[in-house]
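S.K.: What follows is the file run34.csv, containing CSV, C-alpha atoms:
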chain,number,residue,atom,x,y,z
A,1,MET,CA,8.0,-7.5,-23.0
A,2,HIS,CA,10.4,-10.1,-21.6
A,3,ASP,CA,12.2,-13.1,-23.0
A,4,GLY,CA,11.2,-15.6,-20.3
A,5,ALA,CA,14.5,-15.3,-18.4
A,6,PRO,CA,14.1,-14.5,-14.7
A,7,ILE,CA,16.4,-11.5,-15.1
A,8,SER,CA,14.4,-9.8,-17.8
A,9,MET,CA,11.3,-9.8,-15.5
A,10,LEU,CA,13.5,-8.4,-12.7
A,11,ARG,CA,14.3,-5.4,-14.9
A,12,GLU,CA,10.6,-4.7,-15.2
A,13,GLU,CA,10.2,-5.2,-11.5
A,14,GLN,CA,12.9,-2.6,-10.9
A,15,GLN,CA,11.0,-0.1,-12.9
A,16,LEU,CA,7.8,-0.8,-11.1
A,17,ILE,CA,9.4,-0.7,-7.6
A,18,THR,CA,10.9,2.7,-8.5
A,19,GLU,CA,7.4,3.9,-9.5
A,20,LEU,CA,5.9,2.5,-6.4
A,21,LEU,CA,8.5,4.3,-4.2
A,22,GLN,CA,7.5,7.6,-5.8
A,23,ILE,CA,3.8,6.9,-5.3
A,24,LEU,CA,4.5,6.0,-1.6
A,25,LYS,CA,6.4,9.2,-1.1
A,26,ASP,CA,3.6,11.2,-2.8
A,27,GLU,CA,1.1,9.4,-0.6
A,28,GLN,CA,3.1,10.3,2.5
A,29,GLN,CA,3.2,14.0,1.5
A,30,SER,CA,-0.5,13.9,0.9
A,31,LEU,CA,-1.2,12.3,4.3
A,32,VAL,CA,0.9,14.9,6.1
A,33,ALA,CA,-0.9,17.7,4.2
A,34,ALA,CA,-4.3,15.9,4.7
A,35,ASP,CA,-4.8,16.2,0.9
A,36,ILE,CA,-7.7,13.8,0.5
A,37,ASP,CA,-8.2,14.5,-3.3
A,38,ARG,CA,-4.5,13.7,-4.0
A,39,LEU,CA,-4.7,10.6,-1.9
A,40,ALA,CA,-7.8,9.4,-3.8
A,41,ALA,CA,-5.9,9.8,-7.1
A,42,LEU,CA,-2.9,7.9,-5.8
A,43,THR,CA,-4.7,4.9,-4.5
A,44,PRO,CA,-5.7,3.4,-7.9
A,45,ARG,CA,-2.2,4.0,-9.3
A,46,LYS,CA,-0.7,2.3,-6.3
A,47,SER,CA,-3.0,-0.7,-6.6
A,48,GLU,CA,-2.2,-1.1,-10.3
A,49,VAL,CA,1.6,-1.0,-9.8
A,50,LEU,CA,1.3,-3.6,-7.0
A,51,MET,CA,-0.9,-5.8,-9.2
A,52,ARG,CA,1.7,-5.6,-12.0
A,53,MET,CA,4.5,-6.3,-9.6
A,54,GLY,CA,2.8,-9.4,-8.3
A,55,ALA,CA,2.2,-10.7,-11.8
A,56,LEU,CA,5.8,-10.1,-12.7
A,57,ALA,CA,7.1,-11.8,-9.6
A,58,ALA,CA,4.8,-14.8,-10.3
A,59,ALA,CA,6.1,-15.0,-13.9
A,60,ARG,CA,9.7,-14.8,-12.6
A,61,HIS,CA,9.0,-17.5,-10.1
A,62,ALA,CA,7.5,-19.7,-12.9
A,63,ALA,CA,10.5,-19.1,-15.1
A,64,LEU,CA,12.8,-20.0,-12.2
A,65,GLY,CA,10.8,-23.3,-11.7
A,66,GLU,CA,11.0,-24.1,-15.4
A,67,ALA,CA,14.8,-23.5,-15.2
A,68,GLY,CA,15.0,-26.1,-12.4
A,69,PHE,CA,15.3,-23.6,-9.5
A,70,GLU,CA,13.0,-22.9,-6.5
A,71,ALA,CA,10.1,-20.8,-7.6
A,72,ARG,CA,10.7,-18.1,-5.0
A,73,GLU,CA,13.3,-15.5,-4.0
A,74,ALA,CA,15.8,-18.2,-2.8
A,75,GLY,CA,15.7,-19.7,-6.3
A,76,MET,CA,16.5,-16.3,-7.8
A,77,GLU,CA,19.6,-16.1,-5.6
A,78,MET,CA,20.7,-19.6,-6.8
A,79,TRP,CA,19.9,-18.7,-10.5
A,80,LEU,CA,22.1,-15.6,-10.1
A,81,CYS,CA,24.9,-17.7,-8.7
A,82,THR,CA,24.7,-20.0,-11.7
A,83,HIS,CA,23.7,-17.7,-14.6
A,84,GLY,CA,23.9,-14.1,-13.3
A,85,THR,CA,26.4,-11.4,-14.3
A,86,PRO,CA,27.7,-8.9,-11.8
A,87,ASP,CA,25.2,-6.4,-13.3
A,88,ASP,CA,22.4,-8.9,-12.8
A,89,LYS,CA,23.4,-9.4,-9.1
A,90,ALA,CA,23.6,-5.6,-8.7
A,91,LEU,CA,20.1,-5.3,-10.2
A,92,TRP,CA,18.7,-8.0,-7.8
A,93,ASN,CA,20.3,-6.2,-4.8
A,94,ASP,CA,18.8,-2.9,-6.0
A,95,VAL,CA,15.3,-4.5,-6.3
A,96,LEU,CA,15.7,-6.0,-2.8
A,97,ALA,CA,16.8,-2.7,-1.3
A,98,HIS,CA,14.0,-0.7,-2.9
A,99,THR,CA,11.5,-3.4,-1.8
A,100,ARG,CA,12.7,-2.9,1.8
A,101,GLU,CA,12.4,0.8,1.4
A,102,ALA,CA,8.9,0.5,0.0
A,103,LYS,CA,7.8,-1.7,2.9
A,104,GLU,CA,9.1,0.8,5.4
A,105,LEU,CA,7.4,3.7,3.6
A,106,ASN,CA,4.2,1.7,3.5
A,107,ARG,CA,4.5,1.0,7.2
A,108,LEU,CA,5.0,4.7,8.0
A,109,ASN,CA,2.1,5.7,5.8
A,110,GLY,CA,0.0,3.2,7.7
A,111,MET,CA,1.0,4.8,11.0
A,112,LEU,CA,0.1,8.3,9.5
A,113,ILE,CA,-3.3,6.9,8.4
A,114,ASN,CA,-4.0,5.5,11.9
A,115,LYS,CA,-3.0,8.8,13.4
A,116,GLN,CA,-5.3,10.8,11.1
A,117,LEU,CA,-8.1,8.3,11.8
A,118,SER,CA,-7.6,8.6,15.5
A,119,HIS,CA,-7.7,12.4,15.3
A,120,THR,CA,-10.8,12.3,13.1
A,121,GLN,CA,-12.5,9.9,15.5
A,122,GLY,CA,-11.6,12.2,18.5
A,123,ALA,CA,-13.0,15.2,16.7
A,124,LEU,CA,-16.3,13.3,15.9
A,125,GLN,CA,-16.5,12.2,19.5
A,126,ALA,CA,-16.2,15.8,20.7
A,127,LEU,CA,-19.1,16.7,18.5
A,128,ARG,CA,-21.4,14.0,20.0
A,129,PRO,CA,-23.5,14.9,22.9
A,130,GLN,CA,-22.3,13.6,26.3
A,131,ASN,CA,-25.8,12.8,27.4
A,132,PRO,CA,-27.3,10.0,25.1
A,133,ALA,CA,-30.8,11.5,25.6
A,134,GLY,CA,-29.5,15.0,24.7
A,135,ASN,CA,-30.2,17.0,21.7
A,136,VAL,CA,-28.9,15.8,18.4
A,137,TYR,CA,-28.9,17.7,15.1
A,138,GLY,CA,-31.2,16.1,12.5
A,139,PRO,CA,-30.8,16.1,8.7
A,140,THR,CA,-32.5,19.5,8.5
A,141,GLY,CA,-29.9,21.1,10.9
A,142,LEU,CA,-32.5,21.6,13.6
A,143,THR,CA,-32.3,20.1,17.0
A,144,ALA,CA,-34.0,16.8,17.1
A,145,THR,CA,-34.7,15.1,20.4
A,146,THR,CA,-35.3,11.4,20.7
A,147,THR,CA,-38.4,10.7,22.6
A,148,THR,CA,-40.0,7.4,23.2
A,149,SER,CA,-43.7,7.2,23.6
A,150,ARG,CA,-45.3,4.3,25.1
A,151,GLY,CA,-48.9,3.6,24.4
A,152,PHE,CA,-51.3,2.1,26.9
A,153,LEU,CA,-53.1,-1.1,26.2
A,154,ALA,CA,-56.5,-1.1,27.6
A,155,GLY,CA,-57.9,-4.5,28.0
Please go through the file and, once you have read it, give me the structure as structure tokens.

M.R.:
Amino acid sequence: MHDGAPISMLREEQQLITELLQILKDEQQSLVAADIDRLAALTPRKSEVLMRMGALAAARHAALGEAGFEAREAGMEMWLCTHGTPDDKALWNDVLAHTREAKELNRLNGMLINKQLSHTQGALQALRPQNPAGNVYGPTGLTATTTTSRGFLAG
């Protein structure tokens, strides 16, 4: 899969971030179209890609640490200054740019989800009776009224 060098893991991360971007774009289209079935199919794919990306980033950080660099993004920058080729640096910049794009798409999708949720909650609220003691439809579809009976205790 990779040879243990931080840059080889970064190549895999680039493939995954590209896949994630497509999933996020598909997710956005599904949200706009209110296509719940398509959204349900995208969610596990998105989770899997994110999990794989996290594992690769952790492996890259570990490789950086073993090479004597900080085990985080700043260490990758330093590793590239010491060992990276111009193509490696371009790859890193590409991954960073795609990561920023994915974060923004995810933020926008979150806003769309909140908007849909707010709309749904408003529609549900409109269906609720205004008078709490009013008629409510029961599971049979017939009007069910809530009545409270109080028994008398004779003593």

S.K.: One decimal, in Å: what's the spacing between CA of Ile23 in chain A and CA of Met111 in chain A?

M.R.: 16.7 Å

S.K.: At most 12 Å from (-2.1, 8.7, 6.4), file frame, all atoms listed in the file: which residues, as a count of residues only?

M.R.: 33

S.K.: Choose the residue, out of A:Gln15, A:Pro6, A:Cys81, A:Ala41, that has the smallest atom-to-atom separation from Ala67 in chain A; count all atoms listed in the file.

M.R.: A:Pro6

S.K.: If we count all atoms listed in the file, what is near Leu16 in chain A at a cut-off of 12 Å, once residues fewer than 2 positions away on the same chain are taken out, given as a list in words?

M.R.: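 So the residues in contact are Met9, Leu10, Arg11, Glu12, Glu13, Gln14, Thr18, Glu19, Leu20, Leu21, Gln22, Ile23, Arg45, Lys46, Ser47, Glu48, Val49, Leu50, Met51, Arg52, Met53, Gly54, Ala55, Leu56, Ala57, Val95, His98, Thr99 and Ala102 of chain A.
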
S.K.: Restricting the calculation to only C-alpha atoms, which member of A:Ile17, A:Ala62, A:Ala5, A:Leu96 is positioned closest to Gly84 in chain A?

M.R.: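 The shortest atom-to-atom distance to Gly84 in chain A comes from A:Ala5.
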